[in-house]
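Q: Contents of model31.txt (compact mmCIF, C-alpha atoms) are given next:
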```
# COMPACT_ATOMS: atom_id res chain seq x y z
CA ALA H 26 93.50 -19.66 115.53
CA LEU H 27 91.90 -21.25 112.47
CA CYS H 28 94.39 -24.13 112.57
CA GLY H 29 93.69 -24.65 116.26
CA ALA H 30 89.96 -24.86 115.56
CA LEU H 31 90.51 -27.23 112.62
CA SER H 32 92.72 -29.52 114.73
CA SER H 33 89.99 -29.72 117.39
CA LEU H 34 87.34 -30.48 114.76
CA ALA H 35 89.51 -33.19 113.18
CA LEU H 36 90.19 -34.68 116.61
CA PHE H 37 86.43 -34.82 117.28
CA ALA H 38 85.90 -36.64 113.97
CA ALA H 39 88.64 -39.16 114.80
CA LEU H 40 87.41 -39.79 118.34
CA SER H 41 83.86 -40.33 117.09
CA ARG H 42 85.06 -43.58 115.56
CA PHE H 43 85.80 -45.05 119.00
CA VAL H 44 83.38 -43.42 121.46
CA ARG H 45 79.91 -41.90 121.49
CA PRO H 46 79.63 -38.46 119.85
CA ILE H 47 78.96 -36.73 123.18
CA ALA H 48 82.12 -38.26 124.68
CA ALA H 49 84.12 -37.35 121.57
CA LEU H 50 82.82 -33.80 121.81
CA ALA H 51 83.80 -33.55 125.47
CA LEU H 52 87.32 -34.81 124.78
CA ALA H 53 87.75 -32.54 121.73
CA LEU H 54 86.56 -29.54 123.77
CA ALA H 55 89.02 -30.44 126.55
CA PHE H 56 91.77 -30.38 123.91
CA ALA H 57 90.49 -27.12 122.39
CA ALA H 58 90.26 -25.44 125.80
CA SER H 59 93.74 -26.51 126.90
CA HIS H 60 96.34 -23.85 127.62
CA ALA H 61 98.73 -25.22 124.99
CA VAL H 62 96.21 -25.03 122.13
CA TRP H 63 95.06 -21.51 123.07
CA PHE H 64 98.65 -20.35 123.56
CA GLN H 65 99.90 -21.70 120.23
CA SER H 66 96.78 -20.67 118.28
CA ILE H 67 97.51 -16.96 118.68
CA ARG H 68 101.21 -17.15 117.82
CA ALA H 69 102.93 -16.85 114.45
CA GLU H 70 104.32 -20.38 114.85
CA VAL H 71 104.21 -23.77 113.14
CA TYR H 72 102.62 -25.82 115.91
CA THR H 73 98.87 -25.41 115.35
CA LEU H 74 99.32 -25.99 111.62
CA HIS H 75 101.20 -29.15 112.54
CA ALA H 76 98.36 -30.18 114.87
CA ALA H 77 95.76 -29.50 112.18
CA LEU H 78 97.60 -31.60 109.58
CA ILE H 79 98.33 -34.53 111.92
CA CYS H 80 94.82 -34.52 113.40
CA GLY H 81 93.52 -34.30 109.83
CA ALA H 82 95.51 -37.40 108.88
CA LEU H 83 94.21 -39.11 112.02
CA ALA H 84 90.62 -38.22 111.10
CA VAL H 85 91.05 -39.47 107.53
CA ILE H 86 92.50 -42.79 108.70
CA THR H 87 89.74 -43.36 111.24
CA ARG H 88 86.75 -42.08 109.24
CA ALA H 89 87.42 -42.97 105.60
CA GLU H 90 85.50 -45.99 104.28
CA SER H 91 88.18 -46.89 101.74
CA ALA H 92 91.60 -48.04 102.90
CA GLU H 93 93.22 -46.63 99.76
CA ARG H 94 91.58 -43.23 100.13
CA ALA H 95 92.57 -43.08 103.80
CA ARG H 96 96.15 -44.04 103.00
CA LEU H 97 96.65 -41.62 100.11
CA VAL H 98 94.98 -38.59 101.67
CA ALA H 99 96.80 -39.20 104.96
CA ALA H 100 100.09 -39.55 103.03
CA PHE H 101 99.50 -36.18 101.34
CA LEU H 102 98.74 -34.53 104.69
CA ILE H 103 101.88 -36.11 106.16
CA GLY H 104 103.88 -34.67 103.25
CA LEU H 105 102.48 -31.20 104.00
CA ALA H 106 103.26 -31.69 107.68
CA LEU H 107 106.85 -32.69 106.84
CA ALA H 108 107.18 -29.43 104.90
CA ASN H 109 105.90 -27.57 107.97
CA HIS H 110 107.95 -29.31 110.72
CA HIS H 111 109.71 -32.48 109.62
CA TYR H 112 110.93 -33.64 113.04
CA LEU H 113 107.57 -33.41 114.83
CA THR H 114 105.99 -35.23 111.90
CA LEU H 115 108.52 -38.06 111.58
CA VAL H 116 108.07 -39.14 115.20
CA VAL H 117 104.30 -39.69 114.79
CA VAL H 118 104.42 -41.45 111.40
CA PRO H 119 104.98 -44.94 112.94
CA GLY H 120 101.86 -44.49 115.08
CA LEU H 121 99.77 -43.33 112.12
CA VAL H 122 100.96 -46.25 109.98
CA ALA H 123 100.23 -48.71 112.79
CA LEU H 124 96.77 -47.20 113.30
CA HIS H 125 96.00 -47.56 109.59
CA ALA H 126 97.02 -51.22 109.76
CA ALA H 127 94.93 -51.75 112.91
CA ILE H 128 91.80 -50.37 111.23
CA PHE H 129 92.12 -51.67 107.66
CA GLY H 130 94.34 -54.71 108.17
CA ARG H 131 98.02 -55.24 107.53
CA ALA H 132 97.34 -56.23 103.92
CA ALA H 133 96.45 -52.58 103.26
CA LEU H 134 100.14 -51.72 103.68
CA ASP H 135 101.97 -53.99 101.25
CA ALA H 136 105.09 -52.77 99.46
CA ARG H 137 103.32 -51.62 96.28
CA LYS H 138 100.77 -49.59 98.22
CA LEU H 139 103.46 -48.03 100.38
CA VAL H 140 105.37 -46.90 97.29
CA ARG H 141 102.21 -45.30 95.94
CA SER H 142 101.63 -43.60 99.27
CA GLY H 143 105.21 -42.32 99.18
CA ALA H 144 104.40 -40.50 95.94
CA PHE H 145 101.65 -38.59 97.75
CA VAL H 146 104.06 -37.74 100.58
CA VAL H 147 106.44 -36.30 97.97
CA LEU H 148 103.53 -34.35 96.47
CA GLY H 149 102.96 -32.71 99.86
CA LEU H 150 106.68 -32.05 100.23
CA ALA H 151 106.64 -30.30 96.84
CA THR H 152 105.53 -27.16 98.68
CA TYR H 153 109.25 -26.73 99.43
CA LEU H 154 109.71 -25.82 95.76
CA TYR H 155 108.14 -22.47 96.55
CA LEU H 156 111.25 -21.46 98.53
CA PRO H 157 113.81 -21.23 95.70
CA LEU H 158 111.20 -19.91 93.28
CA ARG H 159 110.26 -17.11 95.66
CA ALA H 160 113.89 -16.44 96.63
CA GLY H 161 114.71 -15.97 92.95
CA ARG H 162 112.35 -12.99 92.88
CA ALA H 163 114.47 -11.11 95.46
CA PRO H 164 111.64 -10.52 97.97
CA GLU H 165 111.90 -8.05 100.84
CA MET H 166 111.89 -10.93 103.35
CA ASP H 167 114.10 -13.81 102.24
CA TRP H 168 114.90 -16.07 105.22
CA GLY H 169 118.03 -18.10 104.45
CA ARG H 170 117.96 -16.96 100.81
CA PRO H 171 117.39 -20.55 99.58
CA ASP H 172 118.24 -19.95 95.92
CA THR H 173 121.23 -22.33 95.91
CA ALA H 174 121.40 -26.03 96.82
CA SER H 175 123.43 -25.41 99.97
CA ARG H 176 121.25 -22.58 101.28
CA PHE H 177 118.10 -24.53 100.39
CA ALA H 178 119.39 -27.50 102.40
CA TRP H 179 120.30 -25.20 105.31
CA THR H 180 116.80 -23.72 105.33
CA VAL H 181 114.74 -26.92 105.07
CA SER H 182 116.94 -28.79 107.57
CA ALA H 183 116.28 -26.07 110.17
CA GLU H 184 119.98 -26.16 111.05
CA LEU H 185 119.77 -22.86 112.89
CA PHE H 186 117.08 -24.18 115.23
CA GLN H 187 118.94 -27.44 115.79
CA LYS H 188 121.82 -25.47 117.30
CA SER H 189 119.52 -23.42 119.52
CA ALA H 190 117.45 -26.38 120.83
CA GLU H 191 117.49 -26.67 124.59
CA LYS H 192 119.32 -29.66 126.05
CA PRO H 193 117.29 -31.89 128.39
CA ARG H 194 118.10 -31.53 132.07
CA GLY H 195 117.50 -35.19 132.91
CA SER H 196 117.18 -38.60 131.33
CA LEU H 197 114.78 -39.46 128.51
CA ALA H 198 112.51 -41.28 131.00
CA GLU H 199 112.40 -38.20 133.24
CA GLY H 200 111.62 -36.02 130.26
CA ALA H 201 108.81 -38.38 129.18
CA ALA H 202 107.34 -38.39 132.68
CA ARG H 203 107.45 -34.59 132.77
CA ALA H 204 105.78 -34.37 129.35
CA VAL H 205 103.00 -36.75 130.42
CA GLU H 206 102.51 -34.75 133.61
CA ILE H 207 102.13 -31.48 131.70
CA VAL H 208 99.77 -33.03 129.13
CA ALA H 209 97.63 -34.49 131.92
CA ALA H 210 97.45 -31.17 133.73
CA ASP H 211 96.59 -29.32 130.53
CA LEU H 212 93.81 -31.69 129.46
CA HIS H 213 92.26 -31.82 132.94
CA LEU H 214 92.04 -34.84 135.24
CA ALA H 215 88.74 -36.27 133.93
CA ALA H 216 89.87 -36.38 130.30
CA THR H 217 93.24 -37.84 131.27
CA VAL H 218 91.72 -40.60 133.41
CA ALA H 219 89.16 -41.43 130.70
CA ALA H 220 91.86 -41.68 128.04
CA PHE H 221 94.09 -43.84 130.26
CA VAL H 222 91.28 -46.25 131.20
CA ALA H 223 90.17 -46.56 127.57
CA LEU H 224 93.73 -47.29 126.46
CA VAL H 225 94.17 -49.96 129.14
CA PHE H 226 90.96 -51.68 128.07
CA LEU H 227 91.92 -51.55 124.39
CA ILE H 228 95.28 -53.18 125.07
CA ALA H 229 93.84 -55.71 127.54
CA LEU H 230 91.26 -57.05 125.07
CA ARG H 231 92.77 -59.32 122.45
CA LYS H 232 90.41 -58.11 119.71
CA THR H 233 91.46 -54.46 120.11
CA ARG H 234 95.03 -54.93 121.36
CA PHE H 235 96.69 -53.89 118.10
CA LEU H 236 94.53 -50.77 117.98
CA GLY H 237 95.43 -49.89 121.57
CA VAL H 238 99.14 -50.40 120.97
CA SER H 239 98.90 -48.25 117.82
CA LEU H 240 97.33 -45.39 119.77
CA LEU H 241 99.98 -45.76 122.47
CA VAL H 242 102.77 -45.59 119.86
CA LEU H 243 101.13 -42.49 118.39
CA PHE H 244 100.99 -40.80 121.80
CA LEU H 245 104.59 -41.72 122.66
CA GLY H 246 105.72 -40.35 119.31
CA ALA H 247 103.89 -37.09 120.01
CA ILE H 248 105.60 -36.54 123.38
CA PHE H 249 109.02 -37.86 122.34
CA PRO H 250 110.40 -34.51 121.08
CA LYS H 251 109.59 -32.83 124.39
CA ALA H 252 111.09 -35.74 126.33
CA GLN H 253 114.24 -35.63 124.21
CA MET H 254 114.83 -31.89 123.98
CA GLY H 255 113.34 -30.70 127.25
CA PHE H 256 109.96 -29.26 128.11
CA LEU H 257 109.69 -25.49 128.28
CA THR H 258 106.59 -24.61 130.29
CA SER H 259 106.69 -21.21 128.55
CA ASN H 260 106.30 -22.98 125.19
CA PRO H 261 103.89 -25.92 125.67
```
Take the structure in this file and express it as structure tokens.
A:
Amino acid sequence: ALCGALSSLALFAALSRFVRPIAALALALAFAASHAVWFQSIRAEVYTLHAALICGALAVITRAESAERARLVAAFLIGLALANHHYLTLVVVPGLVALHAAIFGRAALDARKLVRSGAFVVLGLATYLYLPLRAGRAPEMDWGRPDTASRFAWTVSAELFQKSAEKPRGSLAEGAARAVEIVAADLHLAATVAAFVALVFLIALRKTRFLGVSLLVLFLGAIFPKAQMGFLTSNP
């Protein structure tokens, strides 16, 4: 529940960069009141923590005054998110990188700066080191027993869940359309229409086109896993 609240707060902070505070509040509340957020916020699952970390990175990128601070803090949050759910995080990284470039300029992402950012991603990923250290203490609950290289790799790769993932019933395009439909229904018609109109205007205007495309890439990355693996209405 705390992670769900933090993700909504971070989303409000990010949206405040682009729209009036009252509009940002309305959109953040629509997100917070959605069935998916409420459903996941009361489960012992990884999804609201993922939302909090990704929305946190989004807020840092959009609100930080310094390009370097935005890049490094966002990189650390991405590293933590990778340690929480690597697949859901990887698919949104291109959108976050593009958004950073749209706000601070492409020069803010030269090779040297990207290498430095990578170090902060690794710092976030270092939370994985807890697994073998804790496993070595023979705890009562020891999922995967990751105290050897092979068992550690099995645990962090989520191999068990890869085998149990549901296969999509249709094409990728059909899955994407279904995901968009569910998101639109969950966020309510007014918020969906407002977001769509704003995105169209951003892409249509030459000055904001790169920003609009970046936000579109971010959204497509967010719905891609559901489009690829199938959308379970019982697990939004």
Q: How big is the axis-aligned box, and where does its centre sit, when it encloses all atoms of stretch 115-118 of chain H listed in the file and has 3 Å added on every side, reported in Å to one decimal as lines of an AutoDock Vina configuration file?
A:
```
center_x = 106.4
center_y = -39.8
center_z = 113.3
size_x = 10.2
size_y = 9.4
size_z = 9.8
```
Q: Measuring between all atoms listed in the file, which one of H:Ala132, H:Leu27, H:Ala204, H:Ala223 shows the shortest distance to H:Gln65?
A: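 Residue with the minimum atom-to-atom distance to H:Gln65: H:Leu27.
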Q: May I ask for the distance between atom CA of H:Ala84 and atom CA of H:Ala201, given in Å to one decimal place?
A: 25.6 Å
Q: Would you list the contacts of stretch 152-159 of chain H as number ranges by chain, taking every protein, DNA or RNA residue within 9 Å and counting only C-alpha atoms, but skipping same-chain residues closer than 4 positions in sequence?
A: H: 104-105, 108, 148, 163-164, 167, 170-173, 177, 181
Q: Measuring between all atoms listed in the file, which one of H:His75, H:Arg234, H:His125, H:Arg45 shows the shortest distance to H:Leu139?
A: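 Nearest to H:Leu139: H:His125.
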Q: Using all atoms listed in the file, find the one residue out of H:Ala183, H:Val146, H:Leu227, H:Leu241 that sits nearest to H:Trp168.
A: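 Of the candidates, the smallest distance to H:Trp168 is held by H:Ala183.
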Q: Write out as an MDAnalysis selection string each polymer residue whose atoms come within 9 Å of H:Ile248, counting only C-alpha atoms; drop sequence neighbours fewer than 2 positions from it.
A: chainID H and resid 116 201 204:205 208 243:246 250:253
Q: What does the distance between atom CA of H:Phe221 and atom CA of H:Leu78 come to in Å, to one decimal place?
A: 24.3 Å
Q: Kindly provide, as a list in words, the polymer residues lying within 9 Å of (93.9, -47.2, 111.5), counting all atoms listed in the file and using the coordinates exactly as they appear in the file.
A: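 Collected hits near the coordinates: Leu83, Ile86, Thr87, Ala92, Ala95, Leu121, Val122, Ala123, Leu124, His125, Ala126, Ala127, Ile128, Phe129, Gly130, Leu236 and Ser239 of chain H.
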Q: Take atom CA of H:Ala69 and atom CA of H:Cys28 and report the distance between them in Å, one decimal.
A: 11.4 Å
Q: Using all atoms listed in the file for the distances, tell me which of H:Ala216, H:Leu230, H:Ala160, H:Asp211 is nearest to H:Trp63.
A: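 Looking only at the distances to H:Trp63, the closest residue turns out to be H:Asp211.
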Q: Using only C-alpha atoms, which protein or nucleic acid residues come within 8 Å of H:Arg88? Drop anything in the same chain fewer than 2 positions from it, and give the result as a list in words.
A: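 Residues near the query, excluding close chain neighbours: Ala38, Ala39, Arg42, Ala84, Val85, Ile86 and Glu90 of chain H.
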Q: Emit the selected residues as a PDB file, in the frame of the given file, including C-alpha atoms.
A:
```
ATOM      1  CA  ALA H  38      85.900 -36.640 113.970  1.00  0.00           C
ATOM      2  CA  ALA H  39      88.640 -39.160 114.800  1.00  0.00           C
ATOM      3  CA  ARG H  42      85.060 -43.580 115.560  1.00  0.00           C
ATOM      4  CA  ALA H  84      90.620 -38.220 111.100  1.00  0.00           C
ATOM      5  CA  VAL H  85      91.050 -39.470 107.530  1.00  0.00           C
ATOM      6  CA  ILE H  86      92.500 -42.790 108.700  1.00  0.00           C
ATOM      7  CA  GLU H  90      85.500 -45.990 104.280  1.00  0.00           C
TER       8      GLU H  90
END
```
Q: Of the candidates H:Phe235, H:Phe145, H:Phe186, H:Tyr112, which shows the shortest atom-to-atom distance to H:Ala100, using all atoms listed in the file?
A: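 For H:Ala100, the nearest of the given residues is H:Phe145.
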Q: Nearest residue to H:Val117 out of H:Ala30, H:Ala247, H:Ala174, H:Val71, using only C-alpha atoms?
A: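 Among the listed residues, the smallest separation from H:Val117 belongs to H:Ala247.
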